[in-house]
>>> print(open('data39.cif').read())   # mmCIF, C-alpha atoms
data_input
#
loop_
_atom_site.label_atom_id
_atom_site.label_comp_id
_atom_site.auth_asym_id
_atom_site.auth_seq_id
_atom_site.Cartn_x
_atom_site.Cartn_y
_atom_site.Cartn_z
CA MET A 1407 98.37 93.51 48.81
CA VAL A 1408 95.85 90.97 50.09
CA THR A 1409 98.60 89.01 51.87
CA GLY A 1410 99.84 92.22 53.41
CA LEU A 1411 96.38 93.10 54.70
CA VAL A 1412 95.81 89.61 56.10
CA LEU A 1413 99.17 89.74 57.88
CA LEU A 1414 98.47 93.22 59.19
CA PHE A 1415 95.11 92.24 60.67
CA ALA A 1416 96.41 88.94 61.99
CA PHE A 1417 99.27 90.68 63.81
CA THR A 1418 96.95 93.38 65.15
CA ALA A 1419 94.45 90.80 66.42
CA GLY A 1420 97.24 88.68 67.94
CA GLY A 1421 98.74 91.72 69.61
CA MET A 1422 95.41 92.71 71.10
CA ILE A 1423 94.75 89.23 72.48
CA TRP A 1424 98.25 89.11 74.01
CA LEU A 1425 97.78 92.58 75.50
CA ALA A 1426 94.37 91.68 76.95
CA ARG A 1427 95.75 88.52 78.59
CA ASP A 1428 98.61 90.48 80.11
CA VAL A 1429 96.27 93.17 81.37
CA ASN A 1430 94.00 90.48 82.85
CA ARG A 1431 96.83 88.89 84.80
CA SER A 1432 98.23 92.22 85.80
CA VAL A 1433 94.90 93.47 87.15
CA SER A 1434 94.39 90.24 89.06
CA ASN A 1435 97.92 90.29 90.54
CA ARG A 1436 97.70 93.94 91.51
CA SER A 1437 94.46 93.28 93.34
CA ALA A 1438 96.00 90.26 95.11
CA ALA A 1439 99.15 92.19 96.07
CA GLN A 1440 97.14 95.02 97.58
CA SER A 1441 94.88 92.62 99.45
CA ILE A 1442 97.80 90.57 100.81
CA ALA A 1443 99.70 93.68 101.93
CA PHE A 1444 96.64 95.04 103.68
CA GLN A 1445 95.81 91.80 105.46
CA ALA A 1446 99.43 91.22 106.50
CA ALA A 1447 99.60 94.77 107.89
CA ARG A 1448 96.30 94.30 109.69
CA SER A 1449 97.32 91.04 111.34
CA ALA A 1450 100.72 92.53 112.29
CA ALA A 1451 99.05 95.57 113.85
CA GLN A 1452 97.14 93.23 116.18
CA GLN A 1453 100.35 92.15 117.92
CA VAL A 1454 99.82 94.39 120.90
CA GLY A 1455 100.44 93.80 124.59
CA ILE A 1456 96.97 92.85 125.86
CA THR A 1457 97.89 92.87 129.55
CA SER A 1458 99.34 96.36 129.46
CA LEU A 1459 96.39 97.55 127.40
CA ARG A 1460 93.95 96.30 130.04
CA GLU A 1461 95.92 98.24 132.61
CA GLY A 1462 95.38 101.41 130.58
CA ALA A 1463 98.75 101.68 128.87
CA GLU A 1464 99.02 103.14 125.36
CA VAL A 1465 98.66 100.88 122.36
CA ARG A 1466 102.10 99.58 121.40
CA VAL A 1467 102.81 97.07 118.65
CA ASP A 1468 105.45 94.45 119.41
CA SER A 1469 107.87 95.05 116.55
CA GLN A 1470 109.46 91.59 116.34
CA LEU A 1471 106.19 89.72 116.69
CA ALA A 1472 104.53 92.02 114.13
CA GLN A 1473 107.27 91.32 111.58
CA ARG A 1474 106.94 87.58 112.08
CA ILE A 1475 103.15 87.57 111.88
CA ALA A 1476 103.14 89.80 108.79
CA GLN A 1477 105.48 87.36 107.08
CA THR A 1478 103.41 84.32 108.12
CA THR A 1479 100.13 85.87 107.04
CA ALA A 1480 101.56 87.02 103.72
CA ASP A 1481 103.04 83.57 103.04
CA GLU A 1482 99.69 81.91 103.73
CA LEU A 1483 97.95 84.36 101.43
CA PHE A 1484 100.54 84.00 98.62
CA SER A 1485 99.82 80.32 98.73
CA GLY A 1486 96.04 80.91 98.92
CA TYR A 1487 96.12 83.17 95.86
CA ASP A 1488 98.57 80.83 94.13
CA VAL A 1489 101.03 83.59 93.27
CA ASP A 1490 104.81 83.85 93.51
CA GLY A 1491 105.33 86.64 95.99
CA ARG A 1492 107.56 87.87 98.78
CA VAL A 1493 107.39 90.37 101.60
CA ALA A 1494 109.77 93.18 100.70
CA ARG A 1495 109.36 95.28 103.84
CA VAL A 1496 107.60 95.31 107.19
CA THR A 1497 108.02 98.60 108.99
CA VAL A 1498 106.67 99.21 112.47
CA VAL A 1499 106.18 102.90 113.06
CA PRO A 1500 106.08 103.24 116.87
CA PRO A 1501 103.92 102.98 118.73
CA ASP A 1502 100.97 101.57 116.79
CA THR A 1503 101.38 101.53 113.00
CA VAL A 1504 102.61 98.79 110.68
CA GLU A 1505 103.44 99.19 106.99
CA VAL A 1506 103.86 96.19 104.71
CA GLU A 1507 105.14 96.05 101.15
CA VAL A 1508 104.77 92.89 99.08
CA HIS A 1509 106.01 92.05 95.60
CA ILE A 1510 104.41 89.55 93.23
CA SER A 1511 106.52 88.22 90.37
CA ASP A 1512 104.78 87.17 87.18
CA PRO A 1513 105.74 86.88 83.50
CA ALA A 1514 103.00 89.45 82.78
CA GLY A 1515 104.85 91.95 84.97
CA ASN A 1516 105.85 92.36 88.59
CA VAL A 1517 103.45 94.19 90.86
CA VAL A 1518 103.81 95.85 94.23
CA GLY A 1519 101.25 96.15 97.03
CA ILE A 1520 101.75 98.55 99.92
CA ALA A 1521 99.43 98.89 102.89
CA SER A 1522 99.42 100.31 106.36
CA ALA A 1523 97.36 99.43 109.44
CA ARG A 1524 97.09 101.10 112.81
CA ALA A 1525 96.14 99.49 116.11
CA GLU A 1526 93.74 101.42 118.28
CA THR A 1527 91.45 100.74 121.18
CA ALA A 1528 87.69 101.06 120.94
CA GLY A 1529 86.01 103.96 122.66
CA MET B 1303 92.83 107.95 31.35
CA SER B 1304 89.27 106.79 31.94
CA VAL B 1305 90.37 103.13 31.87
CA ALA B 1306 93.00 103.85 34.51
CA ARG B 1307 90.40 105.64 36.66
CA ARG B 1308 87.98 102.72 36.25
CA ASP B 1309 90.74 100.27 37.25
CA ARG B 1310 91.56 102.31 40.33
CA GLY B 1311 87.88 102.40 41.26
CA ALA B 1312 87.66 98.63 40.95
CA ALA B 1313 90.79 98.20 43.06
CA ASP B 1314 89.35 100.51 45.72
CA ALA B 1315 86.08 98.56 45.77
CA LEU B 1316 87.96 95.30 46.07
CA ALA B 1317 90.07 96.68 48.90
CA LEU B 1318 86.92 97.90 50.66
CA VAL B 1319 85.28 94.49 50.30
CA LEU B 1320 88.34 92.85 51.81
CA ILE B 1321 89.02 95.39 54.52
CA ALA B 1322 85.48 96.04 55.79
CA PRO B 1323 84.86 92.56 57.26
CA ALA B 1324 88.33 92.55 58.82
CA VAL B 1325 87.75 95.95 60.42
CA ILE B 1326 84.34 94.85 61.74
CA GLY B 1327 85.88 91.62 63.02
CA LEU B 1328 88.63 93.55 64.76
CA ALA B 1329 86.09 95.90 66.36
CA VAL B 1330 84.05 92.94 67.67
CA LEU B 1331 87.26 91.35 68.96
CA VAL B 1332 88.05 94.56 70.86
CA VAL B 1333 84.56 94.47 72.45
CA MET B 1334 85.02 90.79 73.36
CA LEU B 1335 88.43 91.38 74.96
CA GLY B 1336 87.13 94.41 76.82
CA ARG B 1337 84.18 92.42 78.14
CA SER B 1338 86.49 89.61 79.15
CA VAL B 1339 88.82 91.94 81.12
CA ASP B 1340 85.79 93.60 82.70
CA SER B 1341 84.29 90.22 83.68
CA ARG B 1342 87.48 89.05 85.34
CA ALA B 1343 87.89 92.35 87.19
CA GLN B 1344 84.28 92.26 88.41
CA ALA B 1345 84.56 88.64 89.58
CA GLN B 1346 87.86 89.37 91.35
CA SER B 1347 86.47 92.46 93.01
CA ALA B 1348 83.37 90.57 94.20
CA ALA B 1349 85.49 87.69 95.52
CA GLU B 1350 87.74 90.12 97.45
CA ALA B 1351 84.80 91.93 98.95
CA ALA B 1352 83.06 88.68 99.87
CA ALA B 1353 86.19 87.28 101.52
CA GLN B 1354 86.66 90.49 103.53
CA ALA B 1355 83.01 90.42 104.58
CA ASP B 1356 83.30 86.76 105.58
CA ALA B 1357 86.32 87.47 107.75
CA LEU B 1358 84.16 89.83 109.81
CA GLU B 1359 81.44 87.26 110.53
CA ARG B 1360 81.26 85.16 113.68
CA SER B 1361 80.30 81.78 112.29
CA PRO B 1362 80.91 79.78 109.10
CA ALA B 1363 77.17 79.81 108.33
CA ALA B 1364 76.99 83.59 108.67
CA ALA B 1365 80.13 83.90 106.52
CA ASP B 1366 78.58 81.78 103.80
CA ALA B 1367 75.38 83.83 103.84
CA ALA B 1368 77.32 87.10 103.78
CA ALA B 1369 79.37 86.01 100.77
CA HIS B 1370 76.29 85.02 98.77
CA ARG B 1371 74.45 88.21 99.71
CA LEU B 1372 77.38 90.42 98.74
CA VAL B 1373 78.17 88.70 95.45
CA ASP B 1374 74.51 88.77 94.41
CA ALA B 1375 74.39 92.47 95.19
CA MET B 1376 77.63 93.26 93.35
CA LEU B 1377 77.33 91.21 90.18
CA VAL B 1378 74.24 92.56 88.50
CA ASP B 1379 75.53 93.20 84.98
CA HIS B 1380 74.01 90.50 82.75
CA ASP B 1381 76.52 91.02 79.93
CA SER B 1382 79.82 90.97 81.75
CA CYS B 1383 79.22 88.83 84.83
CA SER B 1384 75.92 87.00 85.04
CA ALA B 1385 74.64 84.00 87.03
CA PRO B 1386 77.38 84.08 89.65
CA SER B 1387 78.03 81.04 91.80
CA VAL B 1388 79.87 81.34 95.10
CA LEU B 1389 81.91 78.76 96.95
CA VAL B 1390 83.03 79.59 100.49
CA ASP B 1391 85.73 77.50 102.13
CA THR B 1392 85.49 77.90 105.90
CA THR B 1393 87.63 74.93 106.93
CA ARG B 1394 90.15 77.31 108.54
CA PHE B 1395 87.49 79.65 109.93
CA GLY B 1396 88.50 80.95 113.34
CA PRO B 1397 90.69 83.60 114.97
CA GLY B 1398 94.03 83.80 113.11
CA GLY B 1399 92.73 81.52 110.33
CA ASP B 1400 91.41 82.45 106.94
CA VAL B 1401 88.44 82.15 104.67
CA ARG B 1402 88.58 81.46 100.96
CA VAL B 1403 85.95 82.55 98.44
CA SER B 1404 85.66 81.44 94.81
CA VAL B 1405 83.32 83.32 92.52
CA GLU B 1406 82.39 82.02 89.10
CA CYS B 1407 80.40 84.12 86.67
CA HIS B 1408 79.64 84.12 82.96
CA SER B 1409 80.37 86.71 80.33
CA SER B 1410 77.57 86.78 77.75
CA ALA B 1411 78.17 86.41 74.01
CA ARG B 1412 75.37 88.86 73.20
CA GLY B 1413 76.41 91.12 70.32
CA ILE B 1414 79.78 89.45 69.80
CA GLU B 1415 78.67 86.09 68.38
CA LEU B 1416 81.05 86.69 65.47
CA VAL B 1417 84.07 85.94 67.66
CA GLN B 1418 82.50 84.22 70.69
CA ARG B 1419 79.77 81.64 70.20
CA THR B 1420 78.84 80.85 73.79
CA ALA B 1421 79.12 82.49 77.19
CA LYS B 1422 82.58 82.33 78.78
CA SER B 1423 83.01 81.59 82.45
CA PHE B 1424 85.49 83.27 84.78
CA VAL B 1425 86.62 82.14 88.19
CA ALA B 1426 88.15 84.46 90.75
CA VAL B 1427 89.56 83.41 94.10
CA ALA B 1428 90.18 85.57 97.15
CA VAL B 1429 91.44 84.75 100.62
CA ALA B 1430 90.96 86.85 103.73
CA HIS B 1431 92.76 86.55 107.02
CA ILE B 1432 90.59 86.51 110.15
CA ASP B 1433 91.54 88.79 113.00
CA GLU B 1434 93.26 87.15 115.94
CA PHE B 1435 90.93 88.73 118.47
CA ARG B 1436 87.71 88.10 116.60
CA ALA B 1437 84.99 86.35 118.55
CA VAL B 1438 83.70 83.20 116.91
CA GLU B 1439 80.49 81.28 117.50
CA HIS B 1440 80.62 77.58 116.75
CA ALA B 1441 77.53 75.80 115.52
#
>>> encode(input="data39.cif", output="structure tokens")
Amino acid sequence: MVTGLVLLFAFTAGGMIWLARDVNRSVSNRSAAQSIAFQAARSAAQQVGITSLREGAEVRVDSQLAQRIAQTTADELFSGYDVDGRVARVTVVPPDTVEVEVHISDPAGNVVGIASARAETAG
Amino acid sequence: MSVARRDRGAADALALVLIAPAVIGLAVLVVMLGRSVDSRAQAQSAAEAAAQADALERSPAAADAAAHRLVDAMLVDHDSCSAPSVLVDTTRFGPGGDVRVSVECHSSARGIELVQRTAKSFVAVAVAHIDEFRAVEHA
């Protein structure tokens, strides 16, 4: 009976420690994924034609440039956060919105971050 | 009959003596793990906020000051995340660059000395991208 109790408590304690470590990593990765997606979307949404804007044209995001910049920014941030991640999707919704989805792979569980940013002029 | 009842009572008492410390230990362990998850989440959240705030500043010195101000304002819980220290890396500070913030804080052992003797430290790192069209003042 005593052995059984010791085993029961040992397994319960071990399980809780394992669960807490997983939750820790998961929380941290989720936060990183969301932050990376948001920052990649924000930097992509800044790829607007400045000359045409100064001439009073509507805000229009350059789709190809936005995709490239989102990828570059996300790659820099994956490395900065020291996580194994990839950009799953960069969608430019004409004329001024960019959506970015990033995935982070981790033994504790894969997480997804999705964010959207919109370019607009002041005033 | 009465001997059997007495034996069962003794067995129950023995079981209680064995189980009670284990249950208390398990409860303290739960508190420690909860505090540890909370500490990490608080440090990460403060680092993210500080990095975002830094990315909006115009000079490395202002970024450094903003990070310290924000972390000091956010991490006020003495049990889960006390005595925070902030490290701001502004080597890539500038339009299109990034700023990196490390926050270290300590989770107290108060009340959970049974499973954690001393304070544990947690480090969280966050990186923020600086806008391409942000104006920057150089010192």
>>> closest_atom_pairs(input="data39.cif", of="chain B", to="chain A", cutoff="10 Å", atoms="all atoms listed in the file", output="JSON lines")
{"residue": "B:Leu1316", "atom": "CA", "partner": "A:Val1408", "partner_atom": "CA", "distance": 9.9}
{"residue": "B:Ala1317", "atom": "CA", "partner": "A:Val1408", "partner_atom": "CA", "distance": 8.2}
{"residue": "B:Leu1320", "atom": "CA", "partner": "A:Val1408", "partner_atom": "CA", "distance": 7.9}
{"residue": "B:Ile1321", "atom": "CA", "partner": "A:Leu1411", "partner_atom": "CA", "distance": 7.7}
{"residue": "B:Ala1324", "atom": "CA", "partner": "A:Phe1415", "partner_atom": "CA", "distance": 7.0}
{"residue": "B:Val1325", "atom": "CA", "partner": "A:Phe1415", "partner_atom": "CA", "distance": 8.2}
{"residue": "B:Gly1327", "atom": "CA", "partner": "A:Ala1419", "partner_atom": "CA", "distance": 9.3}
{"residue": "B:Leu1328", "atom": "CA", "partner": "A:Ala1419", "partner_atom": "CA", "distance": 6.6}
{"residue": "B:Ala1329", "atom": "CA", "partner": "A:Ala1419", "partner_atom": "CA", "distance": 9.8}
{"residue": "B:Leu1331", "atom": "CA", "partner": "A:Ala1419", "partner_atom": "CA", "distance": 7.6}
{"residue": "B:Val1332", "atom": "CA", "partner": "A:Met1422", "partner_atom": "CA", "distance": 7.6}
{"residue": "B:Met1334", "atom": "CA", "partner": "A:Ile1423", "partner_atom": "CA", "distance": 9.9}
{"residue": "B:Leu1335", "atom": "CA", "partner": "A:Ala1426", "partner_atom": "CA", "distance": 6.3}
{"residue": "B:Gly1336", "atom": "CA", "partner": "A:Ala1426", "partner_atom": "CA", "distance": 7.7}
{"residue": "B:Ser1338", "atom": "CA", "partner": "A:Asn1430", "partner_atom": "CA", "distance": 8.4}
{"residue": "B:Val1339", "atom": "CA", "partner": "A:Asn1430", "partner_atom": "CA", "distance": 5.7}
{"residue": "B:Asp1340", "atom": "CA", "partner": "A:Asn1430", "partner_atom": "CA", "distance": 8.8}
{"residue": "B:Ser1341", "atom": "CA", "partner": "A:Asn1430", "partner_atom": "CA", "distance": 9.7}
{"residue": "B:Arg1342", "atom": "CA", "partner": "A:Asn1430", "partner_atom": "CA", "distance": 7.1}
{"residue": "B:Ala1343", "atom": "CA", "partner": "A:Ser1434", "partner_atom": "CA", "distance": 7.1}
{"residue": "B:Ala1345", "atom": "CA", "partner": "A:Ser1434", "partner_atom": "CA", "distance": 10.0}
{"residue": "B:Gln1346", "atom": "CA", "partner": "A:Ser1434", "partner_atom": "CA", "distance": 7.0}
{"residue": "B:Ser1347", "atom": "CA", "partner": "A:Ser1437", "partner_atom": "CA", "distance": 8.0}
{"residue": "B:Glu1350", "atom": "CA", "partner": "A:Ser1441", "partner_atom": "CA", "distance": 7.8}
{"residue": "B:Gln1354", "atom": "CA", "partner": "A:Ser1441", "partner_atom": "CA", "distance": 9.4}
{"residue": "B:Gly1398", "atom": "CA", "partner": "A:Ser1449", "partner_atom": "CA", "distance": 8.1}
{"residue": "B:Gly1399", "atom": "CA", "partner": "A:Thr1479", "partner_atom": "CA", "distance": 9.2}
{"residue": "B:Asp1400", "atom": "CA", "partner": "A:Leu1483", "partner_atom": "CA", "distance": 8.8}
{"residue": "B:Val1401", "atom": "CA", "partner": "A:Gly1486", "partner_atom": "CA", "distance": 9.6}
{"residue": "B:Arg1402", "atom": "CA", "partner": "A:Gly1486", "partner_atom": "CA", "distance": 7.8}
{"residue": "B:Ala1426", "atom": "CA", "partner": "A:Ser1434", "partner_atom": "CA", "distance": 8.7}
{"residue": "B:Val1427", "atom": "CA", "partner": "A:Tyr1487", "partner_atom": "CA", "distance": 6.8}
{"residue": "B:Ala1428", "atom": "CA", "partner": "A:Tyr1487", "partner_atom": "CA", "distance": 6.5}
{"residue": "B:Val1429", "atom": "CA", "partner": "A:Gly1486", "partner_atom": "CA", "distance": 6.2}
{"residue": "B:Ala1430", "atom": "CA", "partner": "A:Gln1445", "partner_atom": "CA", "distance": 7.1}
{"residue": "B:His1431", "atom": "CA", "partner": "A:Gln1445", "partner_atom": "CA", "distance": 6.3}
{"residue": "B:Ile1432", "atom": "CA", "partner": "A:Ser1449", "partner_atom": "CA", "distance": 8.2}
{"residue": "B:Asp1433", "atom": "CA", "partner": "A:Ser1449", "partner_atom": "CA", "distance": 6.4}
{"residue": "B:Glu1434", "atom": "CA", "partner": "A:Gln1452", "partner_atom": "CA", "distance": 7.2}
{"residue": "B:Phe1435", "atom": "CA", "partner": "A:Gln1452", "partner_atom": "CA", "distance": 8.0}
>>> write_last_selection(input="data39.cif", atoms="C-alpha atoms", output="compact mmCIF listing (two decimals), in the frame of the given file")
# COMPACT_ATOMS: atom_id res chain seq x y z
CA LEU B 1316 87.96 95.30 46.07
CA ALA B 1317 90.07 96.68 48.90
CA LEU B 1320 88.34 92.85 51.81
CA ILE B 1321 89.02 95.39 54.52
CA ALA B 1324 88.33 92.55 58.82
CA VAL B 1325 87.75 95.95 60.42
CA GLY B 1327 85.88 91.62 63.02
CA LEU B 1328 88.63 93.55 64.76
CA ALA B 1329 86.09 95.90 66.36
CA LEU B 1331 87.26 91.35 68.96
CA VAL B 1332 88.05 94.56 70.86
CA MET B 1334 85.02 90.79 73.36
CA LEU B 1335 88.43 91.38 74.96
CA GLY B 1336 87.13 94.41 76.82
CA SER B 1338 86.49 89.61 79.15
CA VAL B 1339 88.82 91.94 81.12
CA ASP B 1340 85.79 93.60 82.70
CA SER B 1341 84.29 90.22 83.68
CA ARG B 1342 87.48 89.05 85.34
CA ALA B 1343 87.89 92.35 87.19
CA ALA B 1345 84.56 88.64 89.58
CA GLN B 1346 87.86 89.37 91.35
CA SER B 1347 86.47 92.46 93.01
CA GLU B 1350 87.74 90.12 97.45
CA GLN B 1354 86.66 90.49 103.53
CA GLY B 1398 94.03 83.80 113.11
CA GLY B 1399 92.73 81.52 110.33
CA ASP B 1400 91.41 82.45 106.94
CA VAL B 1401 88.44 82.15 104.67
CA ARG B 1402 88.58 81.46 100.96
CA ALA B 1426 88.15 84.46 90.75
CA VAL B 1427 89.56 83.41 94.10
CA ALA B 1428 90.18 85.57 97.15
CA VAL B 1429 91.44 84.75 100.62
CA ALA B 1430 90.96 86.85 103.73
CA HIS B 1431 92.76 86.55 107.02
CA ILE B 1432 90.59 86.51 110.15
CA ASP B 1433 91.54 88.79 113.00
CA GLU B 1434 93.26 87.15 115.94
CA PHE B 1435 90.93 88.73 118.47
>>> closest_residue(input="data39.cif", among="A:Leu1414, A:Ala1472, A:Val1454, A:Leu1459", to="A:Val1504", atoms="all atoms listed in the file")
A:Ala1472
>>> resolve_selection(input="data39.cif", expression="the PyMOL selection byres ((chain A and resi 1461-1464) around 12)", output="ChimeraX atom specification")
/A:1454-1460,1465-1467,1500-1502,1525-1527
>>> residues_around(input="data39.cif", residues="stretch 1492-1498 of chain A", least_positions_apart="4", cutoff="6 Å", atoms="all atoms listed in the file", output="PyMOL selection string")
chain A and resi 1469+1473+1503-1509
>>> residues_around(input="data39.cif", residues="B:Thr1420", least_positions_apart="3", cutoff="10 Å", atoms="only C-alpha atoms", output="PyMOL selection string")
chain B and resi 1408-1412+1414-1415+1417+1423
>>> write_last_selection(input="data39.cif", atoms="C-alpha atoms", output="tab-separated table (two decimals), in the coordinates of the input")
chain	number	residue	atom	x	y	z
B	1408	HIS	CA	79.64	84.12	82.96
B	1409	SER	CA	80.37	86.71	80.33
B	1410	SER	CA	77.57	86.78	77.75
B	1411	ALA	CA	78.17	86.41	74.01
B	1412	ARG	CA	75.37	88.86	73.20
B	1414	ILE	CA	79.78	89.45	69.80
B	1415	GLU	CA	78.67	86.09	68.38
B	1417	VAL	CA	84.07	85.94	67.66
B	1423	SER	CA	83.01	81.59	82.45
>>> resolve_selection(input="data39.cif", expression="the PyMOL selection byres ((chain B and resi 1366) around 12)", output="number ranges by chain")
B: 1352-1365, 1367-1373, 1388-1393, 1395, 1401-1404
>>> write_last_selection(input="data39.cif", atoms="C-alpha atoms", output="mmCIF file, in the coordinates of the input")
data_model
loop_
_atom_site.group_PDB
_atom_site.id
_atom_site.type_symbol
_atom_site.label_atom_id
_atom_site.label_comp_id
_atom_site.auth_asym_id
_atom_site.auth_seq_id
_atom_site.Cartn_x
_atom_site.Cartn_y
_atom_site.Cartn_z
ATOM 1 C CA ALA B 1352 83.060 88.680 99.870
ATOM 2 C CA ALA B 1353 86.190 87.280 101.520
ATOM 3 C CA GLN B 1354 86.660 90.490 103.530
ATOM 4 C CA ALA B 1355 83.010 90.420 104.580
ATOM 5 C CA ASP B 1356 83.300 86.760 105.580
ATOM 6 C CA ALA B 1357 86.320 87.470 107.750
ATOM 7 C CA LEU B 1358 84.160 89.830 109.810
ATOM 8 C CA GLU B 1359 81.440 87.260 110.530
ATOM 9 C CA ARG B 1360 81.260 85.160 113.680
ATOM 10 C CA SER B 1361 80.300 81.780 112.290
ATOM 11 C CA PRO B 1362 80.910 79.780 109.100
ATOM 12 C CA ALA B 1363 77.170 79.810 108.330
ATOM 13 C CA ALA B 1364 76.990 83.590 108.670
ATOM 14 C CA ALA B 1365 80.130 83.900 106.520
ATOM 15 C CA ALA B 1367 75.380 83.830 103.840
ATOM 16 C CA ALA B 1368 77.320 87.100 103.780
ATOM 17 C CA ALA B 1369 79.370 86.010 100.770
ATOM 18 C CA HIS B 1370 76.290 85.020 98.770
ATOM 19 C CA ARG B 1371 74.450 88.210 99.710
ATOM 20 C CA LEU B 1372 77.380 90.420 98.740
ATOM 21 C CA VAL B 1373 78.170 88.700 95.450
ATOM 22 C CA VAL B 1388 79.870 81.340 95.100
ATOM 23 C CA LEU B 1389 81.910 78.760 96.950
ATOM 24 C CA VAL B 1390 83.030 79.590 100.490
ATOM 25 C CA ASP B 1391 85.730 77.500 102.130
ATOM 26 C CA THR B 1392 85.490 77.900 105.900
ATOM 27 C CA THR B 1393 87.630 74.930 106.930
ATOM 28 C CA PHE B 1395 87.490 79.650 109.930
ATOM 29 C CA VAL B 1401 88.440 82.150 104.670
ATOM 30 C CA ARG B 1402 88.580 81.460 100.960
ATOM 31 C CA VAL B 1403 85.950 82.550 98.440
ATOM 32 C CA SER B 1404 85.660 81.440 94.810
#
